[in-house]
Every structure is written in C-alpha cells, then in structure tokens.
Amino acid sequence: TCSVQPLSRAILKFTLTLTSMFDWHSKWCGGAQGFWLWVEDGENERVYHQEYIRLSKRSHPEVMEVELTIPAFEPLPPQYYVKLTSDQFVGVEQVLPVSFKNLMLPEKSSPYTDLLDLTPLPVTALLDAKYESLYSHKFECFNPIQTQMFHVLYHTDRSVLLGAPTGSGKTIVAELAILRLNRVYPGKKTVYIAPLKSLARERLKEWKKNLGTKLGWTVLELSGDTTHDSRSMARANVLVCTPEKWDLITRGWQEDGRQFTRDVGLLVIDEIHLLGEERGAVLEAIVSRTRYISELVKSESGEGDNFVGTRIVGLSTALANPVDLSEWMGISFEPPNRGVGMYNFRPSVRPIPMEVHIQGFPGRHYCPRMATMNKPCYAAIREHSPGKPVIIFVASRRQTRLTALDLISYAAGDENPSLFLIGQGDVDMDLICETIGDGALKHTLQFGIGLHHAGLSGSDRDVVEKLFLDGEIQVLVATSTLAWGVNLPAHLVIVKGTEFFDGKTSRYVDYPVTDVLQMMGRAGRPQFDNLGVACVLVQEGKKNFYRKFLYDPFPVESKIQGRICEILNAEIATGTVQSFAQAAAFLKWSYFYRRLLKNPSYYGCEPGLGEEKKREEVIEEFILAMVKETVEKLKGTNCLSLVDAGDSSQSSSFMGKDEDRIGIVPTALGKAASKYYLHHKTPFEMREGARGLRDELSAAKKTGGEEEAAVAEVIRVVSYCTEMDELPVRHNEENLNEDLSLSLRWGVTGEMDFLDPHCKCWLLIQAWLDDTQELPISDYINDTRSVVDQLGRLFAAMLTVSCGDGEALKDGMVDVAAAIITASSCVRRRCYPPRDCVFQQISGIVGKGDFEDREARCARFMDKGGWGSLRELREKSLGRSDDQFLKKLKSAGGFKAGLILEGLSRIPFVEVKATKPPGKEVVNVELKIRGGRGGRGKDNHNDGLTILVGSKSSRALLGSKNVGLGGGNRGGVETKEVAVALVGVEGRGVENLICRVVVDGWVGVDIEVDVEW
C-alpha cells in the first residue's frame, strides 16, 4: 500500500508499506530476498525513483515501511505507478497505481524578509552599563540581523519568530529579549527550550558565566539528568530546559508548588523548526499550553487589553511557511500589526558567506560507500583548508574511528604523518594522551585528529574540545549531535554521508535536510574567516535532490498525530479537557489545525470526499473523527472513562449532540501516564504485570526464593513495557545479546527474541546489576545509561498504577509493592536481591578489583560473623567502633574493617512501633531512625521510607505513606510519628494487620511488625 503526503508543491512523500504474503523457505529464499522498487509516471514515461530493497528472513513476516521523496510537476498527472519486481523469481511483480484525484497541494508563498541596509547599532543602545558589559569585549556593534530586529526585541513585548542561517547570532537575539524582560518585568522568569541536552548544557555553561556572574542572575538547567525543587525553580531568573522536561512540569501547572509556571514572561524555543521532526509534538504541546495558561491568567487578572502575556521567541533556520508558525505563536497579521515580529531571512544572509560542494558517490551498500569517501575527505582538507580547522560529520561512533584512521594513513602515505598537528608546540601531546581513557582517541590525537561522540567520557570530550578550539589539532571527526550541541566552528565542514542507521526500523534513513544544514552551518569562523566551505558527500542518486532542495526548505508540518494520545491524555488528566467539545477546541489551538487547513492531504484529510460539502465541514468532521478515535484508544488502555454529563455546558455546534452529553474523566492509569510522562499503553501493561507478579509470588513462596523471583519479575515487566520500544538493536547485535545472556544471572526466560529491544533491555539491566559484567561493545554502555536513566521514573509509575483504582486491596499487594521498591533499590545500588549480594552495597568486604567469586566471599563473611541479614549486621554495628568489633569484622573476612563500619553508618536503621486507635481507620506509626544517607559510589539522593500497612493473612495493602529522612544524621536518633489512613478494613479484623517499612535505596534492611491495638 502507499500513502501520499505533499511536502511542497514540488515534492511528494510516498510512504510504502510492504507486506510479505508468502511463506519463507530457506531452501528457496535463502537468508534474504532482493526486490527492485521504482516509481514512474506512465503518462510522461519518466522514472522518478529506483531503489534496491532487501527483505530478510529474520524480519519475516514483519511489515516493512519505505519512505520516498518524489518530485511533482504541475499540472499533476492522474496517477503515478509504484512497481516492485523480484530480482530472483521470474513473474513475481506487483504494480500499484497511486491516484492523485483528491490530492491538494499546499499554497504558494513568498516567505522571505529582506535584510535592510542599516547602520550597525552599537552595544551602547542597550542603555545599561551592566548589559553592555556582556558584549563590549566581543564586538562593538550588533550584526545586521540583530540591528534590524533590535527595536522589536528590546523595546516591545511582541512575540518574535526568527528564521536565519546557522551562525547569524540567534543566541544574542534571544538574550536581547531576556534582558528586556528583566529590565521591564523583574519578577518574571525566562524559560529557554533546547532540543538536546548537550545544547542545554552548553547554553547553561555560557549563561552562568555571563548572566550569572556578571548580572547576578540564577540560571538553572532542567533536563533528565537534573532535579530541582519547586522553590529553587521559583527563585530562578532563567530556566534552561529540554522540551520533555518543561512539558512534564507544565502538565501540573495547576498544582500547588507549580505556581511559578504562571510567572513565565518569556518562552524562548531554539531550533523551533524541529516542530516538523519526530519530537516536534512535544514543542507543539508546550506552546499551545503556554498560550492557554497565558489566556487564563489574563482572564483572571481582569486587566483586559493591558495584560502582558507570555512572550514567545522562536529561533529557526529559514522557513518555507513562517506565516503559519507566526500566527500559531500569537503574532498578529491584522492591521495595524501586519506581521510585526516575523523575520524570515534568506539562507544567503549569513555573516560569513559559505561555498558549498556536493559530491555523489556510487555504491548500493553503506559501509563500502563510506570507505570510498575517505580519500575525497583527505583531498578536500588539503585543497580547501590547509592549516585551518576542519570538522567531519559522520553517522556513527564506528565511522568516527574508521574515518580518522584512514586520514592518518593518507597523511603517512604523503610522508607527513604529523600533517594535522597544527599547534605551535606549546602542548605536550604525549602527556595529554596519557590522560585519555578511550583507546582510539588516544591513538588519533597523536596525529592531530580528535574524535567526538556520546561514547566518550565527559573528561575526554572536554580535552578534545579544548585542543580543537586552541588550534592544537586540525581535524575533528564527530557524530551529527555535535552540530546541535557544542559551538565549535571550523573553516571547512565535511558531511560524510547523509544517512544513518535507524535501530527502530533496522535500515539506513536520510537525515532531515535541517540537520544537514545545521552541520554545514558550522563552516565559517566569525572574526577569523571571510569564507566558510562545506562539502556534502552523498549517494549518487541523491546528488540532484540536495543540489535543488538544500536551500529550498520544505514547509514545517505538525507531528502531533503520532503523539495525540499522550498529548490529549495529559490535558484530560489535568482537567483542561473534560468533554469532546473541549478536546476539539484544544486541537484548534494547535499548529496541527493551522496546517490542516493549508495542507489537508498531508494529514490524511481528503476534502474532495464529499463534493457537496464545504472544505471547512470536511475538516471539522476529520477533527471529530480524530478526537473519537483518540478517546477510544485511551479508553481501551483504561486511561479514561466516559460518563453521562447530562445537559453539558460545553455544548458546541462543532460537536454533535450525542458527544456533548458525554463527559471525559481521567482514571488512575491516565493520571499516572501524564504524571510520569509515559506512553498511554504503559500504565495498563504495568498493572497487568503487577497482577501477574502476585501469581509469581504465590508460586515462589512454595519453593523459596520469592524475593529474587519478585524483583526479577518487576524488572522483566518494566523491560517489556512500551517505553522501551525504541531502544536500538543494531546490525548483528542479536548475536551479542545471545552471548551476553549466557553470562548473566537470570539470562533469558521463555522464548525471548534477541532482536527484540525489550529483550536487550532485560539483558542490559541484568548487566547493570552485576557491575563486574563487561559489555560487548561501547555502544552498550550508552544504551545501558539511557535505560537506567528511565528506571526510577518507571518503577515509581509501576508502584502508583499497581495500587490505584482499588488494586491495592487485592491479596498479596503488600509484597508486590515491596518488590517494586526493592527492584528500584537494587538498580540504584547495582546489586541482586538475595542476602549474599546485599553485602555488595558496602565497601570493604571485597577488595577493589577483587571480583573473583565475590558472592562466595560475601557468604563466608556472613556465616563467619554469624549475621543472618544486612539488617542484623547493621543493628550490631550501632554505636560500635571499638577494637573488638573491628577485629570481628576483620576475622570474618572483611577486606577493610574500618571501611565496612563507615559504610554501615550510612545505612538507615529503623525501629518501628505501630498501633491502631479504637474506632479510627488509621494506624499510628512511631519510627526511630539511626544512620545517615548515601552509600557506595556517587549518591546525591536523600533516603526515604515507604510505610505499607496490610492484612497479615491475605497481604492486601490497606494503606501506605512515604516519609522523607533528614540528611546526614549518622550518629543521633531521629524520631517521627506518622499517621497512615486505612481503606477497606471492614471484615478483615483489626487484630490481623501488619506494618512493613521499606527503606528506599537500600536492600535488605526492611522491617515488618504486627500492628498493636
């Protein structure tokens, strides 16, 4: 099948779905089958695209998707033909006519802003000595783009959209708006949205130095790697965020502690053209919600037209449809404004002109084609940038290494191996190389070539960046993420290949044109070069495409359809959307709705379906159908429920009368999906997994080992949830996964598929728990990091959904909740749950690097000391530092007794007394806590306790409460009294209650007592 989406009036996007309708017999089909695919215009006898594709046995019979970019000519012919022909079997061919009958091409537009010939504005125009000090040491005057925009940015509160090439000084444009906000509205705060964590860190580093040190402002970063409490965020002047983090924060904007979201006076979105990429739906939700909050605050303030709402500043490359983006951001095109605030400059206005060379290379297979590009890379360096810095962008970490080694060999072939060492000899490169941890980088640096990718440690990356900036090395071979992150301009940029391997689809796909432009934008160093040079090396068949469309951008289209369930669920969970009418109204706030009106065919809406209907009516029906479909999907995963709303006050002519009488109510699963930023299917999968875990616990108790079985099942459930669908499984990694599984404690269970990303996730978590396990390749280190970073959020979500909507009252839920908390603690401490492995949480039992048979060492230590559990050992250590106890630790086999005692003092020891007052549905818990926080390795988290009150016989969970602990109180005793409310006690008997206290972050120190009454 084939779906057609018009990208512009000259380009169509074909999405082909290939389904194998045959049985695979290895005798006849082998390991793979090849097919020739081409797209032709039968009327004009032209072939617009041809491609060789392979169907592999390992992916059979999965559906394969192929995306093609096909030229279109006006007037459009009635149809194109897609042909697929086997290159092995005669007569195996299919022809698919693709009709253009109802296809609507987007409107023509002339979107560019002329750059005016203005006298450059001096920095003294800021009229503030502190502000001037930010720039006076860099330049005396603003550049032409900044000069033209200065008045709107610094003297008005209008929203602004800037489309301009990379290197145009867009960061300073954002800073002018920030300075305006602080000067006129000092109580307001700025939120800066960066598309990548690397870019957020770079901006944080720069602004802490400038805005923080020179102006005394507070600048905070909010990303997946950082956490701040609401008070810190409320005090901050500037928040630097990733899109997902700010989306999560603003989802709870009505909650106590999130009131600071109403104080946002400026929202700066960098690279806003990424709205058209996969993550663009998040940006769309952020802007739509920001404008909604601003309108609500306006109505509450009663200031009317005098109210100043949240200003939005969008920074982008040159755009094909800036008017749509501008209107959506709130820029008015009605008189008297007429688009004031929209600036979309041509690609040619960059301060440093750029010379672009596009070279095509034959070859069907990726790796050999990449190898043939290495010598042209070397020739380009010698021709265009002798002695000047060069960045080569490649698609993978492996390619960084292979490219660097080939460049070294070519330089050696010219009898000049130190060609790329262009420093003045002030740096001892051999001494620097001794500090490098990565072996490949250590080797290439000796020849003046640096590597830069996510697999390097932070210290290695810092060294490479400094050497390149200081001009000690000439060449930097980097993955594409460098283009968005660290600001390292060069004289020459080489884009070596425009494809990357997509682990989700297991095939090579093209970079978006915007990514290629971003890489090329690093060419040309302000204050050093009068000209930048970019060489783009592409597959031969794509040469003409890049030659034509590199500077003819496609319109930015919405991606909200791919995330509509999550976005709409978030609004339902917060109460913003309570009916079908409100859901439709919410969509009409979106960028998606504006583009749907302009380019309906792209989104699957065919206004020609009903000739008698007006276009607006067809689009309204499309929106209604989309809302209904989304609500049904959310209902199917128990994220919402539908109720009879009676005579709804939300009735609207936009909705039908039946829908107006139906109210939408969030469930516990829907609220959890919103709170923990989950895919809408994940909470349902977790709840089903928790129900299965109860059965696992029942079976394990009969055979023993229930604690390990429970933890393993929790981790398996999390590994196989939808959140892990996109973990990449690269070429040949199924073999690495199989080998890895043989050395792990739990290995694989049942019929796990080593090509499945969930199976890989399951194995990586096991390898993480056993911190002596060596991973097969460096890519697995970063994959593990990406998985582990999510686990805390996923365990918390699983605990929430497992106990919501009455699930807690089911038998065995006390043990299920405890197992989830224990699994989280195991991941945090990197240990397995049985008693032998628990001792890995304490340093000093096993010597550093002594990993051989360490479980047996821990077991001998426990047996010789006569300690039955970690809790028992912790109890014996209370107040004990005398020589006799230290000798006992040593005689039991401890490597360093003093270190063991120090480690034990970090573990909270909890004594519990629980009582139930007569006639009250509450249990009063008295806690005495000794010990501090922290443990082996880096740990910045305060420990906490989870109190679980349940039935002793059925183990049903009747009440729970989280308790925070004070930090650093290792010597004294901290006393807390906590009241835990009970639910569902009737008929269970108050004499039949237990209280279990689980220490978050530590394994093996829990305590369970009977409730007194």
# chains A, B, ... in the order shown; residues from 1 in each chain; ligands from 1
>>> closest_atom_pairs(of="region 52-154 of chain A", to="region 520-531 of chain A", cutoff="12 Å", atoms="only C-alpha atoms", output="Markdown table")
| residue | atom | partner | partner_atom | distance |
| --- | --- | --- | --- | --- |
| A:Lys138 | CA | A:Gln527 | CA | 9.9 |
| A:Phe139 | CA | A:Gln527 | CA | 9.7 |
| A:Asn143 | CA | A:Pro526 | CA | 11.2 |
>>> residues_around(residues="Ala823 (chain A)", least_positions_apart="5", cutoff="7 Å", atoms="only C-alpha atoms", output="ChimeraX atom specification")
/A:711,714-715
>>> select_by_dssp(residues="region 153-197 of chain A", states="strand (DSSP E)", output="number ranges by chain")
A: 160-163, 189-193
>>> write_last_selection(atoms="all heavy atoms", output="compact mmCIF listing (two decimals), in the first residue's frame")
# COMPACT_ATOMS: atom_id res chain seq x y z
N VAL A 160 8.16 36.92 18.71
CA VAL A 160 9.08 37.04 17.59
C VAL A 160 9.41 35.66 17.03
O VAL A 160 9.66 34.72 17.79
CB VAL A 160 10.39 37.76 18.01
CG1 VAL A 160 11.41 37.73 16.88
CG2 VAL A 160 10.10 39.19 18.44
N LEU A 161 9.40 35.54 15.72
CA LEU A 161 9.90 34.34 15.03
C LEU A 161 11.05 34.77 14.14
O LEU A 161 10.89 35.63 13.28
CB LEU A 161 8.80 33.69 14.18
CG LEU A 161 9.27 32.52 13.31
CD1 LEU A 161 9.71 31.34 14.17
CD2 LEU A 161 8.16 32.07 12.35
N LEU A 162 12.22 34.17 14.35
CA LEU A 162 13.40 34.47 13.54
C LEU A 162 13.83 33.22 12.80
O LEU A 162 14.18 32.21 13.42
CB LEU A 162 14.55 34.98 14.42
CG LEU A 162 15.91 35.08 13.73
CD1 LEU A 162 15.86 36.05 12.54
CD2 LEU A 162 17.00 35.48 14.71
N GLY A 163 13.79 33.30 11.48
CA GLY A 163 14.36 32.25 10.63
C GLY A 163 15.61 32.80 9.97
O GLY A 163 15.54 33.78 9.22
N LYS A 189 10.11 35.36 34.85
CA LYS A 189 11.24 34.49 34.54
C LYS A 189 11.20 34.05 33.09
O LYS A 189 10.16 34.08 32.43
CB LYS A 189 11.31 33.29 35.48
CG LYS A 189 10.11 32.38 35.42
CD LYS A 189 10.31 31.19 36.36
CE LYS A 189 10.00 31.53 37.79
NZ LYS A 189 11.05 32.16 38.55
N THR A 190 12.38 33.63 32.61
CA THR A 190 12.54 33.17 31.23
C THR A 190 12.71 31.66 31.22
O THR A 190 13.42 31.10 32.06
CB THR A 190 13.79 33.82 30.59
OG1 THR A 190 13.60 35.23 30.51
CG2 THR A 190 14.03 33.27 29.19
N VAL A 191 12.08 31.01 30.26
CA VAL A 191 12.29 29.58 30.02
C VAL A 191 12.88 29.43 28.62
O VAL A 191 12.30 29.91 27.64
CB VAL A 191 10.98 28.78 30.13
CG1 VAL A 191 11.21 27.33 29.72
CG2 VAL A 191 10.43 28.83 31.54
N TYR A 192 14.05 28.80 28.56
CA TYR A 192 14.72 28.56 27.28
C TYR A 192 14.64 27.07 26.98
O TYR A 192 15.07 26.23 27.79
CB TYR A 192 16.18 29.02 27.36
CG TYR A 192 17.04 28.60 26.18
CD1 TYR A 192 17.08 29.36 25.02
CD2 TYR A 192 17.79 27.44 26.24
CE1 TYR A 192 17.87 28.97 23.94
CE2 TYR A 192 18.58 27.04 25.18
CZ TYR A 192 18.61 27.82 24.02
OH TYR A 192 19.38 27.42 22.96
N ILE A 193 14.06 26.72 25.84
CA ILE A 193 13.89 25.31 25.46
C ILE A 193 14.96 24.95 24.43
O ILE A 193 15.00 25.54 23.34
CB ILE A 193 12.49 25.06 24.86
CG1 ILE A 193 11.39 25.55 25.80
CG2 ILE A 193 12.31 23.58 24.53
CD1 ILE A 193 11.27 24.78 27.08
>>> closest_residue(among="A:Lys896, A:Arg716, A:Arg594, A:Lys675", to="Arg251 (chain A)", atoms="only C-alpha atoms")
A:Lys675
>>> residues_around(residues="Gln766 (chain A)", least_positions_apart="6", cutoff="8 Å", atoms="only C-alpha atoms", output="VMD selection string")
chain A and resid 744 to 746
>>> write_last_selection(atoms="all heavy atoms", output="compact mmCIF listing (two decimals), in the first residue's frame")
# COMPACT_ATOMS: atom_id res chain seq x y z
N LEU A 744 24.87 -14.01 32.30
CA LEU A 744 24.08 -13.26 33.26
C LEU A 744 23.33 -14.18 34.20
O LEU A 744 23.02 -15.33 33.86
CB LEU A 744 23.10 -12.32 32.53
CG LEU A 744 23.75 -11.22 31.70
CD1 LEU A 744 22.71 -10.46 30.90
CD2 LEU A 744 24.53 -10.25 32.59
N ARG A 745 22.99 -13.66 35.35
CA ARG A 745 22.38 -14.47 36.42
C ARG A 745 21.04 -15.05 36.00
O ARG A 745 20.75 -16.22 36.21
CB ARG A 745 22.22 -13.60 37.66
CG ARG A 745 21.72 -14.35 38.88
CD ARG A 745 21.57 -13.38 40.05
NE ARG A 745 21.29 -14.07 41.29
CZ ARG A 745 22.10 -14.09 42.34
NH1 ARG A 745 23.26 -13.48 42.29
NH2 ARG A 745 21.76 -14.73 43.44
N TRP A 746 20.18 -14.21 35.43
CA TRP A 746 18.84 -14.68 35.06
C TRP A 746 18.77 -15.08 33.58
O TRP A 746 17.85 -15.80 33.20
CB TRP A 746 17.80 -13.58 35.33
CG TRP A 746 17.68 -13.23 36.78
CD1 TRP A 746 17.83 -14.08 37.84
CD2 TRP A 746 17.41 -11.95 37.34
NE1 TRP A 746 17.66 -13.41 39.03
CE2 TRP A 746 17.40 -12.08 38.76
CE3 TRP A 746 17.17 -10.69 36.80
CZ2 TRP A 746 17.17 -11.02 39.62
CZ3 TRP A 746 16.93 -9.62 37.66
CH2 TRP A 746 16.93 -9.79 39.05
>>> atom_distance(atom1="CA of Val627 (chain A)", atom2="CA of Gly562 (chain A)")
13.4 Å
>>> residues_around(residues="Val123 (chain A)", least_positions_apart="4", cutoff="9 Å", atoms="only C-alpha atoms", output="list in words")
Leu127, Tyr131, Glu132, Ser133, Tyr135, Ser136, Phe139, Glu140, Cys141 and Phe142 of chain A
>>> select_by_dssp(residues="region 384-439 of chain A", states="helix (DSSP H, G or I)", output="VMD selection string")
chain A and resid 384 397 to 413 429 to 433 439
>>> closest_residue(among="A:Ala318, A:Leu179, A:Gln79, A:Arg595", to="Asp128 (chain A)", atoms="only C-alpha atoms")
A:Leu179
>>> residues_around(residues="Ala371 (chain A)", least_positions_apart="6", cutoff="12 Å", atoms="only C-alpha atoms", output="list of chain:residue names")
A:Phe361, A:Pro362, A:Gly363, A:His365, A:Cys377, A:Val394, A:Arg398, A:Gln399, A:Thr400, A:Arg401, A:Leu402, A:Thr403, A:Ala404, A:Leu405, A:Asp406, A:Leu407, A:Lys496, A:Gly497, A:Leu537
>>> residues_around(residues="region 805-819 of chain A", least_positions_apart="3", cutoff="6 Å", atoms="only C-alpha atoms", output="compact mmCIF listing (two decimals) with all heavy atoms, in the first residue's frame")
# COMPACT_ATOMS: atom_id res chain seq x y z
N ARG A 694 1.68 -11.10 41.40
CA ARG A 694 1.04 -11.73 42.57
C ARG A 694 1.06 -13.24 42.42
O ARG A 694 1.31 -13.98 43.38
CB ARG A 694 -0.40 -11.23 42.72
CG ARG A 694 -0.51 -9.77 43.04
CD ARG A 694 -1.83 -9.46 43.75
NE ARG A 694 -2.97 -10.13 43.15
CZ ARG A 694 -3.73 -9.62 42.19
NH1 ARG A 694 -3.43 -8.42 41.70
NH2 ARG A 694 -4.77 -10.28 41.72
N ALA A 710 10.49 -12.13 42.71
CA ALA A 710 9.64 -10.95 42.61
C ALA A 710 10.39 -9.79 41.94
O ALA A 710 9.85 -9.12 41.06
CB ALA A 710 9.15 -10.54 44.00
N VAL A 711 11.62 -9.56 42.37
CA VAL A 711 12.42 -8.48 41.78
C VAL A 711 12.66 -8.74 40.30
O VAL A 711 12.56 -7.83 39.47
CB VAL A 711 13.75 -8.31 42.54
CG1 VAL A 711 14.69 -7.37 41.80
CG2 VAL A 711 13.49 -7.79 43.95
N THR A 822 11.96 -2.61 46.17
CA THR A 822 13.23 -3.34 46.26
C THR A 822 13.93 -3.38 44.91
O THR A 822 15.15 -3.22 44.82
CB THR A 822 13.00 -4.76 46.78
OG1 THR A 822 12.36 -4.70 48.06
CG2 THR A 822 14.32 -5.51 46.92
N SER A 954 -4.05 -12.10 54.23
CA SER A 954 -4.19 -12.01 52.77
C SER A 954 -3.12 -11.17 52.12
O SER A 954 -2.95 -11.20 50.90
CB SER A 954 -5.56 -11.42 52.41
OG SER A 954 -5.64 -10.06 52.81
N ARG A 955 -2.38 -10.38 52.94
CA ARG A 955 -1.34 -9.47 52.43
C ARG A 955 -1.92 -8.39 51.53
O ARG A 955 -1.22 -7.84 50.66
CB ARG A 955 -0.24 -10.23 51.69
CG ARG A 955 0.34 -11.41 52.43
CD ARG A 955 1.10 -11.00 53.66
NE ARG A 955 2.37 -10.34 53.35
CZ ARG A 955 3.21 -9.87 54.27
NH1 ARG A 955 2.89 -9.95 55.56
NH2 ARG A 955 4.33 -9.27 53.92
N ALA A 956 -3.21 -8.07 51.68
CA ALA A 956 -3.80 -6.94 50.94
C ALA A 956 -3.25 -5.64 51.50
O ALA A 956 -3.00 -5.53 52.71
CB ALA A 956 -5.32 -6.97 51.05
N LEU A 957 -3.06 -4.65 50.64
CA LEU A 957 -2.49 -3.37 51.04
C LEU A 957 -3.63 -2.41 51.40
O LEU A 957 -4.43 -2.03 50.55
CB LEU A 957 -1.65 -2.78 49.90
CG LEU A 957 -0.95 -1.45 50.18
CD1 LEU A 957 0.02 -1.57 51.34
CD2 LEU A 957 -0.20 -0.98 48.92
>>> closest_atom_pairs(of="region 575-618 of chain A", to="region 267-275 of chain A", cutoff="12 Å", atoms="only C-alpha atoms", output="CSV")
residue,atom,partner,partner_atom,distance
A:Ser590,CA,A:Leu275,CA,11.7
A:Tyr591,CA,A:Leu275,CA,9.2
A:Phe592,CA,A:Leu275,CA,10.3
>>> atom_distance(atom1="CA of Gly265 (chain A)", atom2="CA of Leu116 (chain A)")
29.6 Å
>>> residues_around(residues="Ala379 (chain A)", least_positions_apart="6", cutoff="12 Å", atoms="only C-alpha atoms", output="list in words")
Met373, Ser385, Pro386, Leu407, Tyr410, Ala411, Asp414, Ile494 and Cys535 of chain A
>>> write_last_selection(atoms="all heavy atoms", output="mmCIF file, in the first residue's frame")
data_model
loop_
_atom_site.group_PDB
_atom_site.id
_atom_site.type_symbol
_atom_site.label_atom_id
_atom_site.label_comp_id
_atom_site.auth_asym_id
_atom_site.auth_seq_id
_atom_site.Cartn_x
_atom_site.Cartn_y
_atom_site.Cartn_z
ATOM 1 N N MET A 373 34.590 7.374 0.513
ATOM 2 C CA MET A 373 34.544 8.827 0.755
ATOM 3 C C MET A 373 35.757 9.340 1.525
ATOM 4 O O MET A 373 35.974 10.557 1.603
ATOM 5 C CB MET A 373 33.270 9.187 1.536
ATOM 6 C CG MET A 373 31.969 8.982 0.774
ATOM 7 S SD MET A 373 30.543 9.424 1.803
ATOM 8 C CE MET A 373 29.184 9.090 0.666
ATOM 9 N N SER A 385 41.255 23.659 3.052
ATOM 10 C CA SER A 385 41.510 24.098 4.429
ATOM 11 C C SER A 385 42.883 23.679 4.925
ATOM 12 O O SER A 385 43.011 23.110 6.011
ATOM 13 C CB SER A 385 40.420 23.534 5.349
ATOM 14 O OG SER A 385 40.479 24.102 6.623
ATOM 15 N N PRO A 386 43.943 23.957 4.171
ATOM 16 C CA PRO A 386 45.287 23.597 4.666
ATOM 17 C C PRO A 386 45.643 24.439 5.885
ATOM 18 O O PRO A 386 45.638 25.672 5.829
ATOM 19 C CB PRO A 386 46.187 23.908 3.474
ATOM 20 C CG PRO A 386 45.439 24.913 2.656
ATOM 21 C CD PRO A 386 43.994 24.611 2.862
ATOM 22 N N LEU A 407 42.396 8.781 7.402
ATOM 23 C CA LEU A 407 43.060 10.078 7.199
ATOM 24 C C LEU A 407 44.515 10.011 7.654
ATOM 25 O O LEU A 407 45.407 10.578 7.000
ATOM 26 C CB LEU A 407 42.320 11.174 7.979
ATOM 27 C CG LEU A 407 40.916 11.548 7.490
ATOM 28 C CD1 LEU A 407 40.298 12.603 8.406
ATOM 29 C CD2 LEU A 407 40.954 12.067 6.050
ATOM 30 N N TYR A 410 46.483 8.196 4.963
ATOM 31 C CA TYR A 410 46.732 9.018 3.775
ATOM 32 C C TYR A 410 47.830 10.045 4.043
ATOM 33 O O TYR A 410 48.677 10.314 3.181
ATOM 34 C CB TYR A 410 45.450 9.725 3.336
ATOM 35 C CG TYR A 410 44.414 8.788 2.755
ATOM 36 C CD1 TYR A 410 43.091 8.827 3.192
ATOM 37 C CD2 TYR A 410 44.749 7.844 1.786
ATOM 38 C CE1 TYR A 410 42.129 7.969 2.677
ATOM 39 C CE2 TYR A 410 43.799 6.976 1.265
ATOM 40 C CZ TYR A 410 42.493 7.038 1.721
ATOM 41 O OH TYR A 410 41.555 6.186 1.205
ATOM 42 N N ALA A 411 47.821 10.626 5.253
ATOM 43 C CA ALA A 411 48.875 11.582 5.602
ATOM 44 C C ALA A 411 50.226 10.885 5.672
ATOM 45 O O ALA A 411 51.251 11.422 5.214
ATOM 46 C CB ALA A 411 48.549 12.249 6.936
ATOM 47 N N ASP A 414 51.687 10.354 2.339
ATOM 48 C CA ASP A 414 52.332 11.563 1.799
ATOM 49 C C ASP A 414 53.592 11.917 2.578
ATOM 50 O O ASP A 414 54.127 13.029 2.432
ATOM 51 C CB ASP A 414 51.357 12.752 1.845
ATOM 52 C CG ASP A 414 50.277 12.657 0.787
ATOM 53 O OD1 ASP A 414 50.420 11.808 -0.124
ATOM 54 O OD2 ASP A 414 49.290 13.409 0.867
ATOM 55 N N ILE A 494 32.831 18.931 6.492
ATOM 56 C CA ILE A 494 32.548 17.848 5.549
ATOM 57 C C ILE A 494 31.433 16.996 6.136
ATOM 58 O O ILE A 494 31.556 16.484 7.260
ATOM 59 C CB ILE A 494 33.795 16.984 5.284
ATOM 60 C CG1 ILE A 494 34.929 17.839 4.703
ATOM 61 C CG2 ILE A 494 33.456 15.829 4.343
ATOM 62 C CD1 ILE A 494 36.243 17.097 4.563
ATOM 63 N N CYS A 535 31.482 20.707 2.316
ATOM 64 C CA CYS A 535 31.439 19.633 1.326
ATOM 65 C C CYS A 535 30.429 18.592 1.798
ATOM 66 O O CYS A 535 30.569 18.053 2.903
ATOM 67 C CB CYS A 535 32.810 18.985 1.151
ATOM 68 S SG CYS A 535 34.075 20.084 0.494
#
>>> atom_distance(atom1="CA of Met686 (chain A)", atom2="CA of Gly804 (chain A)")
11.6 Å
